[in-house]
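Q: Structure: entry11.csv, CSV, C-alpha atoms.
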chain,number,residue,atom,x,y,z
A,1,ALA,CA,0.0,0.0,0.0
A,2,ILE,CA,1.1,3.6,-0.8
A,3,THR,CA,1.4,5.7,2.3
A,4,PHE,CA,1.9,9.4,2.7
A,5,PRO,CA,5.7,9.2,3.1
A,6,ASP,CA,5.9,7.1,-0.1
A,7,PHE,CA,4.2,9.5,-2.5
A,8,PHE,CA,5.6,12.5,-0.6
A,9,LEU,CA,9.2,11.5,-1.3
A,10,ALA,CA,8.3,10.4,-4.9
A,11,ASP,CA,6.8,13.9,-5.5
A,12,ILE,CA,10.1,15.5,-4.4
A,13,PHE,CA,12.0,13.2,-6.7
A,14,THR,CA,10.1,14.6,-9.7
A,15,SER,CA,11.8,17.9,-8.9
A,16,MET,CA,15.1,16.1,-9.0
A,17,SER,CA,14.6,14.6,-12.5
A,18,LYS,CA,17.2,16.9,-14.0
A,19,VAL,CA,19.6,16.0,-11.2
A,20,PHE,CA,19.2,12.3,-11.9
A,21,SER,CA,19.8,13.0,-15.6
A,22,ASP,CA,23.0,14.9,-14.8
A,23,LEU,CA,24.2,12.1,-12.6
A,24,GLU,CA,23.6,9.6,-15.4
A,25,ARG,CA,25.6,11.8,-17.8
A,26,SER,CA,28.5,12.0,-15.4
A,27,VAL,CA,28.5,8.2,-14.8
A,28,CYS,CA,28.3,7.6,-18.5
A,29,ARG,CA,31.3,9.8,-19.2
A,30,MET,CA,33.4,8.1,-16.5
A,31,VAL,CA,32.5,4.6,-17.6
A,32,ASN,CA,33.3,5.5,-21.2
A,33,ARG,CA,36.4,7.5,-20.3
A,34,GLN,CA,35.1,10.7,-21.8
A,35,VAL,CA,36.1,12.9,-18.9
A,36,ALA,CA,38.4,15.7,-20.0
A,37,THR,CA,38.4,14.5,-23.6
A,38,ILE,CA,37.1,16.1,-26.8
A,39,ALA,CA,34.2,13.6,-26.8
A,40,TRP,CA,32.8,15.7,-23.9
A,41,PHE,CA,31.8,18.4,-26.3
A,42,GLU,CA,30.4,16.1,-29.1
A,43,ALA,CA,26.6,16.1,-28.9
A,44,ASP,CA,26.3,12.9,-30.9
A,45,SER,CA,28.8,10.9,-28.8
A,46,ILE,CA,27.6,8.0,-26.6
A,47,CYS,CA,27.3,10.4,-23.7
A,48,GLY,CA,26.3,13.5,-25.6
A,49,SER,CA,23.1,15.4,-25.6
A,50,HIS,CA,21.6,13.2,-28.4
A,51,SER,CA,21.6,10.2,-26.1
A,52,ILE,CA,18.2,8.5,-25.6
A,53,ALA,CA,19.2,7.8,-22.0
A,54,ILE,CA,18.5,11.5,-21.1
A,55,PRO,CA,14.7,11.4,-21.6
A,56,LEU,CA,14.5,7.9,-20.1
A,57,VAL,CA,16.1,9.1,-16.9
A,58,LEU,CA,14.1,12.3,-16.8
A,59,VAL,CA,10.8,10.4,-17.1
A,60,LEU,CA,11.6,7.8,-14.3
A,61,PRO,CA,10.4,9.9,-11.3
A,62,TYR,CA,7.1,10.6,-13.1
A,63,LEU,CA,6.6,6.9,-14.0
A,64,CYS,CA,7.3,6.0,-10.4
A,65,ARG,CA,4.6,8.5,-9.3
A,66,PHE,CA,2.3,7.3,-12.0
A,67,PHE,CA,2.4,3.7,-10.9
A,68,GLN,CA,1.9,4.8,-7.3
A,69,CYS,CA,-1.3,6.5,-8.3
A,70,ILE,CA,-2.5,3.3,-10.1
A,71,ARG,CA,-1.7,1.3,-7.0
A,72,GLN,CA,-3.7,3.7,-4.9
A,73,TYR,CA,-6.6,3.4,-7.2
A,74,LYS,CA,-6.4,-0.4,-6.9
A,75,ASP,CA,-6.5,-0.1,-3.1
A,76,THR,CA,-9.1,2.7,-2.7
A,77,LYS,CA,-11.1,2.7,-6.0
A,78,GLU,CA,-11.1,6.5,-5.8
A,79,LYS,CA,-11.3,8.1,-9.3
A,80,SER,CA,-9.1,11.0,-8.1
A,81,CYS,CA,-6.1,8.6,-8.1
A,82,LEU,CA,-6.6,8.1,-11.8
A,83,LEU,CA,-6.8,11.8,-12.4
A,84,ASN,CA,-3.6,12.2,-10.5
A,85,ALA,CA,-2.0,9.5,-12.6
A,86,LEU,CA,-3.1,11.4,-15.7
A,87,LYS,CA,-1.3,14.5,-14.3
A,88,TYR,CA,2.0,12.8,-14.1
A,89,SER,CA,1.5,11.2,-17.6
A,90,THR,CA,1.3,14.7,-19.1
A,91,ALA,CA,5.0,15.1,-18.4
A,92,VAL,CA,5.9,12.2,-20.7
A,93,PRO,CA,5.1,14.0,-24.0
A,94,VAL,CA,7.1,17.1,-22.8
A,95,ILE,CA,10.2,15.0,-22.2
A,96,PHE,CA,10.1,12.9,-25.3
A,97,LEU,CA,9.0,15.5,-27.8
A,98,SER,CA,11.9,17.7,-26.6
A,99,ALA,CA,14.3,14.8,-27.2
A,100,LEU,CA,13.0,14.3,-30.7
A,101,LYS,CA,14.7,17.6,-31.8
A,102,TYR,CA,17.9,15.6,-32.1
A,103,HIS,CA,16.3,12.8,-34.2
A,104,VAL,CA,14.2,14.6,-36.7
A,105,PHE,CA,14.9,17.1,-39.5
A,106,PRO,CA,15.0,20.8,-38.5
A,107,ASP,CA,12.0,21.7,-40.7
A,108,GLN,CA,10.0,18.9,-39.1
A,109,TRP,CA,10.9,20.1,-35.7
A,110,VAL,CA,9.9,23.7,-36.4
A,111,SER,CA,6.7,22.9,-38.3
A,112,PHE,CA,5.3,20.0,-36.3
A,113,TYR,CA,7.1,18.7,-33.2
A,114,ARG,CA,7.9,22.0,-31.6
A,115,PRO,CA,4.2,23.2,-31.6
A,116,LEU,CA,3.3,19.8,-30.0
A,117,TRP,CA,6.0,20.3,-27.4
A,118,LEU,CA,4.7,23.7,-26.5
A,119,ILE,CA,1.1,22.5,-26.3
A,120,SER,CA,2.1,19.6,-24.1
A,121,GLY,CA,4.2,21.9,-21.9
A,122,VAL,CA,1.2,24.2,-21.4
A,123,ILE,CA,-1.1,21.3,-20.5
A,124,ASN,CA,1.4,19.8,-18.0
A,125,SER,CA,2.0,23.2,-16.4
A,126,LEU,CA,-1.7,24.2,-16.0
A,127,TYR,CA,-2.8,20.7,-15.0
A,128,SER,CA,-0.1,20.5,-12.3
A,129,PHE,CA,-1.0,24.0,-11.1
A,130,TYR,CA,-4.6,23.1,-10.7
A,131,TRP,CA,-3.7,19.9,-8.8
A,132,ASP,CA,-1.4,21.8,-6.5
A,133,ILE,CA,-4.0,24.3,-5.6
A,134,LYS,CA,-7.2,22.2,-5.5
A,135,ARG,CA,-5.9,18.8,-4.4
A,136,ASP,CA,-2.5,18.8,-2.8
A,137,TRP,CA,-3.1,22.1,-0.8
A,138,ASP,CA,-6.9,22.0,-0.7
A,139,LEU,CA,-7.0,25.7,-1.5
A,140,SER,CA,-10.3,26.6,-3.1
A,141,ILE,CA,-10.0,30.1,-4.5
A,142,LEU,CA,-13.5,31.1,-3.5
A,143,THR,CA,-13.6,29.6,0.0
A,144,ARG,CA,-9.9,29.7,1.1
A,145,ILE,CA,-8.7,33.1,-0.3
A,146,PHE,CA,-11.7,35.4,-0.1
A,147,MET,CA,-13.5,34.2,2.9
A,148,PHE,CA,-10.8,34.4,5.6
A,149,LYS,CA,-13.2,36.4,7.9
A,150,SER,CA,-15.0,33.2,8.6
A,151,PRO,CA,-12.8,31.0,10.9
A,152,SER,CA,-12.1,27.6,9.5
A,153,THR,CA,-10.1,24.6,10.8
A,154,TRP,CA,-8.5,24.3,7.3
A,155,THR,CA,-6.8,27.7,7.7
A,156,SER,CA,-5.5,27.3,11.2
A,157,LEU,CA,-1.8,27.6,10.4
A,158,LEU,CA,-1.8,30.9,8.5
A,159,TYR,CA,-5.3,32.2,9.3
A,160,GLY,CA,-5.8,35.8,8.4
A,161,ARG,CA,-2.5,36.2,6.4
A,162,ASN,CA,-4.2,36.6,3.0
A,163,TRP,CA,-1.0,37.7,1.2
A,164,VAL,CA,0.6,34.4,1.8
A,165,TYR,CA,-2.0,32.6,-0.2
A,166,TYR,CA,-2.0,35.2,-2.9
A,167,TRP,CA,1.7,34.8,-3.2
A,168,VAL,CA,1.7,31.1,-3.3
A,169,LEU,CA,-1.0,31.1,-6.0
A,170,GLY,CA,0.8,33.5,-8.3
A,171,SER,CA,4.3,32.2,-7.8
A,172,ASN,CA,3.3,28.5,-8.2
A,173,LEU,CA,1.7,29.3,-11.5
A,174,VAL,CA,4.8,31.0,-12.9
A,175,LEU,CA,7.2,28.4,-11.5
A,176,ARG,CA,5.1,25.5,-12.8
A,177,CYS,CA,5.5,27.0,-16.3
A,178,THR,CA,9.3,27.5,-16.0
A,179,TRP,CA,9.7,24.0,-14.7
A,180,THR,CA,8.7,22.7,-18.1
A,181,TYR,CA,12.0,24.3,-19.4
A,182,LYS,CA,14.0,21.9,-17.3
A,183,LEU,CA,12.1,18.8,-18.5
A,184,SER,CA,13.2,19.7,-22.1
A,185,ALA,CA,16.5,18.1,-23.0
A,186,HIS,CA,17.0,20.4,-26.0
A,187,LEU,CA,17.1,23.4,-23.7
A,188,ARG,CA,19.7,22.1,-21.3
A,189,HIS,CA,22.7,23.9,-22.9
A,190,ASN,CA,21.9,27.3,-21.5
A,191,TYR,CA,23.7,26.6,-18.2
A,192,LEU,CA,22.9,29.9,-16.5
A,193,THR,CA,19.2,29.7,-17.3
A,194,VAL,CA,19.1,26.0,-16.1
A,195,PHE,CA,20.8,27.0,-12.9
A,196,ALA,CA,18.4,29.9,-12.2
A,197,ILE,CA,15.4,27.6,-12.9
A,198,THR,CA,16.8,24.9,-10.6
A,199,ALA,CA,17.1,27.5,-7.8
A,200,LEU,CA,13.5,28.6,-8.5
A,201,GLU,CA,12.3,25.0,-8.4
A,202,MET,CA,13.8,24.6,-5.0
A,203,LEU,CA,11.7,27.5,-3.8
A,204,ARG,CA,8.5,26.2,-5.5
A,205,ARG,CA,9.0,22.7,-4.0
A,206,PHE,CA,9.6,24.1,-0.6
A,207,GLN,CA,6.3,26.0,-0.9
A,208,TRP,CA,4.6,22.9,-2.1
A,209,VAL,CA,6.0,20.9,0.9
A,210,PHE,CA,5.0,23.5,3.4
A,211,PHE,CA,1.3,23.7,2.3
A,212,ARG,CA,1.1,20.0,1.5
A,213,VAL,CA,2.2,19.0,5.0
A,214,GLU,CA,-0.2,21.6,6.4
A,215,ASN,CA,-3.1,20.1,4.5
A,216,GLU,CA,-2.2,16.6,5.5
A,217,TRP,CA,-1.9,17.7,9.2
A,218,ASN,CA,-5.3,19.4,9.0
A,219,LYS,CA,-6.9,16.3,7.5
A,220,MET,CA,-5.4,14.0,10.2
A,221,THR,CA,-6.5,16.4,13.0
A,222,ALA,CA,-10.0,16.7,11.6
A,223,LYS,CA,-10.2,12.9,11.3
A,224,GLN,CA,-9.0,12.4,14.9
A,225,ASN,CA,-11.5,15.0,16.2
A,226,PHE,CA,-14.3,13.3,14.3
A,227,GLU,CA,-13.4,9.9,15.7
A,228,MET,CA,-13.2,11.3,19.2
A,229,SER,CA,-16.5,13.1,18.8
A,230,SER,CA,-18.2,10.0,17.4
A,231,ASP,CA,-16.9,7.8,20.3
A,232,MET,CA,-18.4,10.2,22.9
A,233,PRO,CA,-22.2,10.1,23.3
A,234,SER,CA,-23.9,13.4,22.8
A,235,GLU,CA,-26.0,15.1,25.4
A,236,SER,CA,-29.2,14.0,23.9
A,237,ASP,CA,-28.0,10.4,23.7
A,238,ARG,CA,-27.1,10.5,27.4
A,239,LEU,CA,-30.5,11.9,28.3
A,240,LEU,CA,-32.4,9.3,26.2
A,241,GLU,CA,-30.4,6.4,27.5
A,242,SER,CA,-30.5,7.5,31.1
A,243,SER,CA,-32.9,5.5,33.3
A,244,SER,CA,-32.6,7.9,36.3
A,245,HIS,CA,-35.3,10.3,35.0
A,246,THR,CA,-39.0,10.1,34.3
A,247,VAL,CA,-41.0,11.8,31.6
Output the file's structure as structure tokens, nothing else.
A:
Amino acid sequence: AITFPDFFLADIFTSMSKVFSDLERSVCRMVNRQVATIAWFEADSICGSHSIAIPLVLVLPYLCRFFQCIRQYKDTKEKSCLLNALKYSTAVPVIFLSALKYHVFPDQWVSFYRPLWLISGVINSLYSFYWDIKRDWDLSILTRIFMFKSPSTWTSLLYGRNWVYYWVLGSNLVLRCTWTYKLSAHLRHNYLTVFAITALEMLRRFQWVFFRVENEWNKMTAKQNFEMSSDMPSESDRLLESSSHTV
């Protein structure tokens, strides 16, 4: 069975897909003795940027999370697990369409594959943004953002600090879109841009972790309170079951 720590760690691994890819490139170069040789700069070498291993390693964390969702659906039969699996599957076209740039003619890439890559990137970014806000964080824009005047157990941690939720909504949308850049192998040569996006992804993932743990804690607390209240008889039950009074 998939527990919270299992999919929590797997979600963090999706942010490290570029790291895993870089590790694979480094190991490849050491095994094939390409370190500090001219082959390091050859894109079509066995460890160059044309290698099919790059998209395969990039997609591994998403496949892991995908199969976790399928297993959760098998155990719980909740349709939301299938929708979550669909979210992770939208990263697959982004990764492999990007890798196709090195295996198709330039005019084919410009006229056909690049538009598909852009469309798949937009779908993945918007779908992931929606899931972050609605499912992982349980932030409903109409009830959690604009109705803070009404106390709610779901806003116990940062109750009243509206700007925090405005910030996390806006920044998560922007950073979800920039993350698509890092999933694209054909854009990995601009090292300064990749470094900046990696740093921003650390910020986005930290925010995700903070609100995801808050949401899980609130759910656990609400469940415990419900179980405690259901175990304790209500005042009316005690009165109806009492034999020490007459009507």
Q: Could you please determine the separation between atom CA of Val92 of chain A and atom CA of Thr14 of chain A in Å, to one decimal place?
A: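 Calculated distance between atom CA of Val92 of chain A and atom CA of Thr14 of chain A is 12.0 Å.
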Q: Tell me which protein, DNA and RNA residues are within 12 Å of Ser98 of chain A, counting all atoms listed in the file, leaving out same-chain ones fewer than 3 positions away, and put them as a compact mmCIF listing (two decimals) with C-alpha atoms, in the coordinates of the input.
A:
# COMPACT_ATOMS: atom_id res chain seq x y z
CA SER A 49 23.10 15.40 -25.60
CA HIS A 50 21.60 13.20 -28.40
CA ILE A 52 18.20 8.50 -25.60
CA ILE A 54 18.50 11.50 -21.10
CA PRO A 55 14.70 11.40 -21.60
CA LEU A 58 14.10 12.30 -16.80
CA ALA A 91 5.00 15.10 -18.40
CA VAL A 92 5.90 12.20 -20.70
CA PRO A 93 5.10 14.00 -24.00
CA VAL A 94 7.10 17.10 -22.80
CA ILE A 95 10.20 15.00 -22.20
CA LYS A 101 14.70 17.60 -31.80
CA TYR A 102 17.90 15.60 -32.10
CA HIS A 103 16.30 12.80 -34.20
CA VAL A 104 14.20 14.60 -36.70
CA TRP A 109 10.90 20.10 -35.70
CA VAL A 110 9.90 23.70 -36.40
CA PHE A 112 5.30 20.00 -36.30
CA TYR A 113 7.10 18.70 -33.20
CA ARG A 114 7.90 22.00 -31.60
CA PRO A 115 4.20 23.20 -31.60
CA LEU A 116 3.30 19.80 -30.00
CA TRP A 117 6.00 20.30 -27.40
CA LEU A 118 4.70 23.70 -26.50
CA ILE A 119 1.10 22.50 -26.30
CA SER A 120 2.10 19.60 -24.10
CA GLY A 121 4.20 21.90 -21.90
CA THR A 180 8.70 22.70 -18.10
CA TYR A 181 12.00 24.30 -19.40
CA LYS A 182 14.00 21.90 -17.30
CA LEU A 183 12.10 18.80 -18.50
CA SER A 184 13.20 19.70 -22.10
CA ALA A 185 16.50 18.10 -23.00
CA HIS A 186 17.00 20.40 -26.00
CA LEU A 187 17.10 23.40 -23.70
CA ARG A 188 19.70 22.10 -21.30
Q: So, counting only C-alpha atoms, which residue among A:Ser21, A:Ser125, A:Asn215, A:Gln224 is closest to Leu175 of chain A?
A: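 Smallest distance to Leu175 of chain A is found for A:Ser125.
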Q: Around the point (8.8, 26.4, -3.5) in the file's coordinates, collect all residues with an atom within 12 Å, using all atoms listed in the file, and return them as a PyMOL selection string.
A: chain A and resi 12+15+132+167-176+179+197-212
Q: Interatomic distance between atom CA of Cys28 of chain A and atom CA of Ile46 of chain A?
A: 8.1 Å
Q: Could you check which of A:Thr193, A:Gln68, A:Ser26, A:Ser51 is closest to Ile2 of chain A, using all atoms listed in the file?
A: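 Checking each of A:Thr193, A:Gln68, A:Ser26, A:Ser51 against Ile2 of chain A, counting all atoms listed in the file, the winner is A:Gln68.
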Q: For atom CA of Lys134 of chain A and atom CA of Leu60 of chain A, quote the distance in Å rounded to one decimal.
A: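 Interatomic distance here is 25.3 Å.
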Q: Nearest to Asp6 of chain A: which of A:Cys64, A:Val35, A:Leu82, A:Cys47 is it, counting only C-alpha atoms?
A: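 Smallest distance to Asp6 of chain A is found for A:Cys64.
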Q: From the options A:Ser45, A:Val27, A:Phe7, A:Asn124, which residue's atoms come nearest to Phe66 of chain A, counting all atoms listed in the file?
A: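 Residue with the minimum atom-to-atom distance to Phe66 of chain A: A:Phe7.
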Q: With a distance cut-off of 8 Å and only C-alpha atoms, select the neighbouring residues of Tyr88 of chain A, excluding the residue or stretch itself and same-chain residues fewer than 2 positions from it, and output the selection as a list in words.
A: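 Contacts, with the query itself left out: Tyr62, Leu63, Arg65, Phe66, Asn84, Ala85, Leu86, Thr90, Ala91 and Val92 of chain A.
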Q: Any chance you could export the current selection's C-alpha atoms as a CSV table (one decimal), in the frame of the given file?
A:
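Result saved to result_36.csv:
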chain,number,residue,atom,x,y,z
A,62,TYR,CA,7.1,10.6,-13.1
A,63,LEU,CA,6.6,6.9,-14.0
A,65,ARG,CA,4.6,8.5,-9.3
A,66,PHE,CA,2.3,7.3,-12.0
A,84,ASN,CA,-3.6,12.2,-10.5
A,85,ALA,CA,-2.0,9.5,-12.6
A,86,LEU,CA,-3.1,11.4,-15.7
A,90,THR,CA,1.3,14.7,-19.1
A,91,ALA,CA,5.0,15.1,-18.4
A,92,VAL,CA,5.9,12.2,-20.7
Q: Identify, on the basis of all atoms listed in the file, every residue whose closest approach to Ser80 of chain A does not exceed 12 Å; exclude the query and any residue fewer than 2 positions from it along the same chain; express the result as a PDB file with C-alpha atoms, in the frame of the given file.
A:
ATOM      1  CA  CYS A  69      -1.300   6.500  -8.300  1.00  0.00           C
ATOM      2  CA  ILE A  70      -2.500   3.300 -10.100  1.00  0.00           C
ATOM      3  CA  GLN A  72      -3.700   3.700  -4.900  1.00  0.00           C
ATOM      4  CA  TYR A  73      -6.600   3.400  -7.200  1.00  0.00           C
ATOM      5  CA  LYS A  74      -6.400  -0.400  -6.900  1.00  0.00           C
ATOM      6  CA  THR A  76      -9.100   2.700  -2.700  1.00  0.00           C
ATOM      7  CA  LYS A  77     -11.100   2.700  -6.000  1.00  0.00           C
ATOM      8  CA  GLU A  78     -11.100   6.500  -5.800  1.00  0.00           C
ATOM      9  CA  LEU A  82      -6.600   8.100 -11.800  1.00  0.00           C
ATOM     10  CA  LEU A  83      -6.800  11.800 -12.400  1.00  0.00           C
ATOM     11  CA  ASN A  84      -3.600  12.200 -10.500  1.00  0.00           C
ATOM     12  CA  ALA A  85      -2.000   9.500 -12.600  1.00  0.00           C
ATOM     13  CA  LEU A  86      -3.100  11.400 -15.700  1.00  0.00           C
ATOM     14  CA  LYS A  87      -1.300  14.500 -14.300  1.00  0.00           C
ATOM     15  CA  TRP A 131      -3.700  19.900  -8.800  1.00  0.00           C
ATOM     16  CA  LYS A 134      -7.200  22.200  -5.500  1.00  0.00           C
ATOM     17  CA  ARG A 135      -5.900  18.800  -4.400  1.00  0.00           C
ATOM     18  CA  ASP A 136      -2.500  18.800  -2.800  1.00  0.00           C
TER      19      ASP A 136
END
Q: Any chance you could build segment 1-12 of chain A out to all heavy atoms and write it as a PDB file, in the coordinates of the input?
A:
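Saved the output as out.pdb:
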ATOM      1  N   ALA A   1       0.837  -1.200   0.000  1.00  0.00           N
ATOM      2  CA  ALA A   1       0.000   0.000   0.000  1.00  0.00           C
ATOM      3  C   ALA A   1       0.876   1.256   0.000  1.00  0.00           C
ATOM      4  O   ALA A   1       1.947   1.285   0.596  1.00  0.00           O
ATOM      5  CB  ALA A   1      -0.911  -0.009   1.217  1.00  0.00           C
ATOM      6  N   ILE A   2       0.394   2.314  -0.674  1.00  0.00           N
ATOM      7  CA  ILE A   2       1.100   3.600  -0.800  1.00  0.00           C
ATOM      8  C   ILE A   2       0.731   4.480   0.368  1.00  0.00           C
ATOM      9  O   ILE A   2      -0.433   4.852   0.495  1.00  0.00           O
ATOM     10  CB  ILE A   2       0.847   4.269  -2.130  1.00  0.00           C
ATOM     11  CG1 ILE A   2       1.108   3.305  -3.293  1.00  0.00           C
ATOM     12  CG2 ILE A   2       1.699   5.519  -2.268  1.00  0.00           C
ATOM     13  CD1 ILE A   2       2.532   2.807  -3.358  1.00  0.00           C
ATOM     14  N   THR A   3       1.692   4.824   1.206  1.00  0.00           N
ATOM     15  CA  THR A   3       1.400   5.700   2.300  1.00  0.00           C
ATOM     16  C   THR A   3       1.863   7.119   2.014  1.00  0.00           C
ATOM     17  O   THR A   3       2.464   7.381   0.966  1.00  0.00           O
ATOM     18  CB  THR A   3       2.176   5.203   3.595  1.00  0.00           C
ATOM     19  OG1 THR A   3       3.593   5.225   3.334  1.00  0.00           O
ATOM     20  CG2 THR A   3       1.761   3.773   3.936  1.00  0.00           C
ATOM     21  N   PHE A   4       1.553   8.041   2.932  1.00  0.00           N
ATOM     22  CA  PHE A   4       1.900   9.400   2.700  1.00  0.00           C
ATOM     23  C   PHE A   4       3.415   9.639   2.499  1.00  0.00           C
ATOM     24  O   PHE A   4       3.822  10.344   1.571  1.00  0.00           O
ATOM     25  CB  PHE A   4       1.414  10.301   3.875  1.00  0.00           C
ATOM     26  CG  PHE A   4       1.799  11.757   3.760  1.00  0.00           C
ATOM     27  CD1 PHE A   4       1.142  12.596   2.871  1.00  0.00           C
ATOM     28  CD2 PHE A   4       2.833  12.274   4.525  1.00  0.00           C
ATOM     29  CE1 PHE A   4       1.497  13.928   2.756  1.00  0.00           C
ATOM     30  CE2 PHE A   4       3.195  13.610   4.418  1.00  0.00           C
ATOM     31  CZ  PHE A   4       2.525  14.443   3.525  1.00  0.00           C
ATOM     32  N   PRO A   5       4.300   9.048   3.327  1.00  0.00           N
ATOM     33  CA  PRO A   5       5.700   9.200   3.100  1.00  0.00           C
ATOM     34  C   PRO A   5       6.183   8.715   1.712  1.00  0.00           C
ATOM     35  O   PRO A   5       7.099   9.273   1.107  1.00  0.00           O
ATOM     36  CB  PRO A   5       6.400   8.438   4.209  1.00  0.00           C
ATOM     37  CG  PRO A   5       5.369   8.381   5.286  1.00  0.00           C
ATOM     38  CD  PRO A   5       4.058   8.302   4.575  1.00  0.00           C
ATOM     39  N   ASP A   6       5.521   7.658   1.209  1.00  0.00           N
ATOM     40  CA  ASP A   6       5.900   7.100  -0.100  1.00  0.00           C
ATOM     41  C   ASP A   6       5.696   8.092  -1.216  1.00  0.00           C
ATOM     42  O   ASP A   6       6.626   8.387  -1.975  1.00  0.00           O
ATOM     43  CB  ASP A   6       5.092   5.818  -0.368  1.00  0.00           C
ATOM     44  CG  ASP A   6       5.377   4.729   0.651  1.00  0.00           C
ATOM     45  OD1 ASP A   6       6.525   4.655   1.114  1.00  0.00           O
ATOM     46  OD2 ASP A   6       4.454   3.963   0.972  1.00  0.00           O
ATOM     47  N   PHE A   7       4.473   8.608  -1.348  1.00  0.00           N
ATOM     48  CA  PHE A   7       4.200   9.500  -2.500  1.00  0.00           C
ATOM     49  C   PHE A   7       4.777  10.912  -2.209  1.00  0.00           C
ATOM     50  O   PHE A   7       5.055  11.671  -3.143  1.00  0.00           O
ATOM     51  CB  PHE A   7       2.753   9.552  -2.867  1.00  0.00           C
ATOM     52  CG  PHE A   7       1.825  10.157  -1.855  1.00  0.00           C
ATOM     53  CD1 PHE A   7       1.747  11.532  -1.682  1.00  0.00           C
ATOM     54  CD2 PHE A   7       0.976   9.358  -1.111  1.00  0.00           C
ATOM     55  CE1 PHE A   7       0.875  12.098  -0.777  1.00  0.00           C
ATOM     56  CE2 PHE A   7       0.091   9.909  -0.194  1.00  0.00           C
ATOM     57  CZ  PHE A   7       0.048  11.278  -0.027  1.00  0.00           C
ATOM     58  N   PHE A   8       4.974  11.250  -0.929  1.00  0.00           N
ATOM     59  CA  PHE A   8       5.600  12.500  -0.600  1.00  0.00           C
ATOM     60  C   PHE A   8       7.014  12.600  -1.126  1.00  0.00           C
ATOM     61  O   PHE A   8       7.437  13.568  -1.768  1.00  0.00           O
ATOM     62  CB  PHE A   8       5.536  12.762   0.901  1.00  0.00           C
ATOM     63  CG  PHE A   8       6.045  14.106   1.353  1.00  0.00           C
ATOM     64  CD1 PHE A   8       5.243  15.229   1.254  1.00  0.00           C
ATOM     65  CD2 PHE A   8       7.317  14.244   1.885  1.00  0.00           C
ATOM     66  CE1 PHE A   8       5.705  16.479   1.678  1.00  0.00           C
ATOM     67  CE2 PHE A   8       7.782  15.477   2.318  1.00  0.00           C
ATOM     68  CZ  PHE A   8       6.974  16.591   2.201  1.00  0.00           C
ATOM     69  N   LEU A   9       7.780  11.539  -0.865  1.00  0.00           N
ATOM     70  CA  LEU A   9       9.200  11.500  -1.300  1.00  0.00           C
ATOM     71  C   LEU A   9       9.221  11.369  -2.853  1.00  0.00           C
ATOM     72  O   LEU A   9      10.072  11.993  -3.499  1.00  0.00           O
ATOM     73  CB  LEU A   9       9.873  10.288  -0.689  1.00  0.00           C
ATOM     74  CG  LEU A   9      11.377  10.164  -0.947  1.00  0.00           C
ATOM     75  CD1 LEU A   9      12.118  11.381  -0.408  1.00  0.00           C
ATOM     76  CD2 LEU A   9      11.923   8.895  -0.312  1.00  0.00           C
ATOM     77  N   ALA A  10       8.311  10.587  -3.441  1.00  0.00           N
ATOM     78  CA  ALA A  10       8.300  10.400  -4.900  1.00  0.00           C
ATOM     79  C   ALA A  10       7.978  11.765  -5.581  1.00  0.00           C
ATOM     80  O   ALA A  10       8.515  12.058  -6.659  1.00  0.00           O
ATOM     81  CB  ALA A  10       7.281   9.373  -5.303  1.00  0.00           C
ATOM     82  N   ASP A  11       7.112  12.572  -4.979  1.00  0.00           N
ATOM     83  CA  ASP A  11       6.800  13.900  -5.500  1.00  0.00           C
ATOM     84  C   ASP A  11       8.067  14.775  -5.529  1.00  0.00           C
ATOM     85  O   ASP A  11       8.314  15.522  -6.480  1.00  0.00           O
ATOM     86  CB  ASP A  11       5.713  14.575  -4.721  1.00  0.00           C
ATOM     87  CG  ASP A  11       4.331  14.298  -5.300  1.00  0.00           C
ATOM     88  OD1 ASP A  11       4.196  14.322  -6.531  1.00  0.00           O
ATOM     89  OD2 ASP A  11       3.408  14.051  -4.519  1.00  0.00           O
ATOM     90  N   ILE A  12       8.851  14.700  -4.465  1.00  0.00           N
ATOM     91  CA  ILE A  12      10.100  15.500  -4.400  1.00  0.00           C
ATOM     92  C   ILE A  12      11.080  15.001  -5.459  1.00  0.00           C
ATOM     93  O   ILE A  12      11.796  15.803  -6.066  1.00  0.00           O
ATOM     94  CB  ILE A  12      10.696  15.397  -2.988  1.00  0.00           C
ATOM     95  CG1 ILE A  12       9.764  16.080  -1.974  1.00  0.00           C
ATOM     96  CG2 ILE A  12      12.080  16.025  -2.939  1.00  0.00           C
ATOM     97  CD1 ILE A  12      10.217  15.990  -0.544  1.00  0.00           C
TER      98      ILE A  12
END
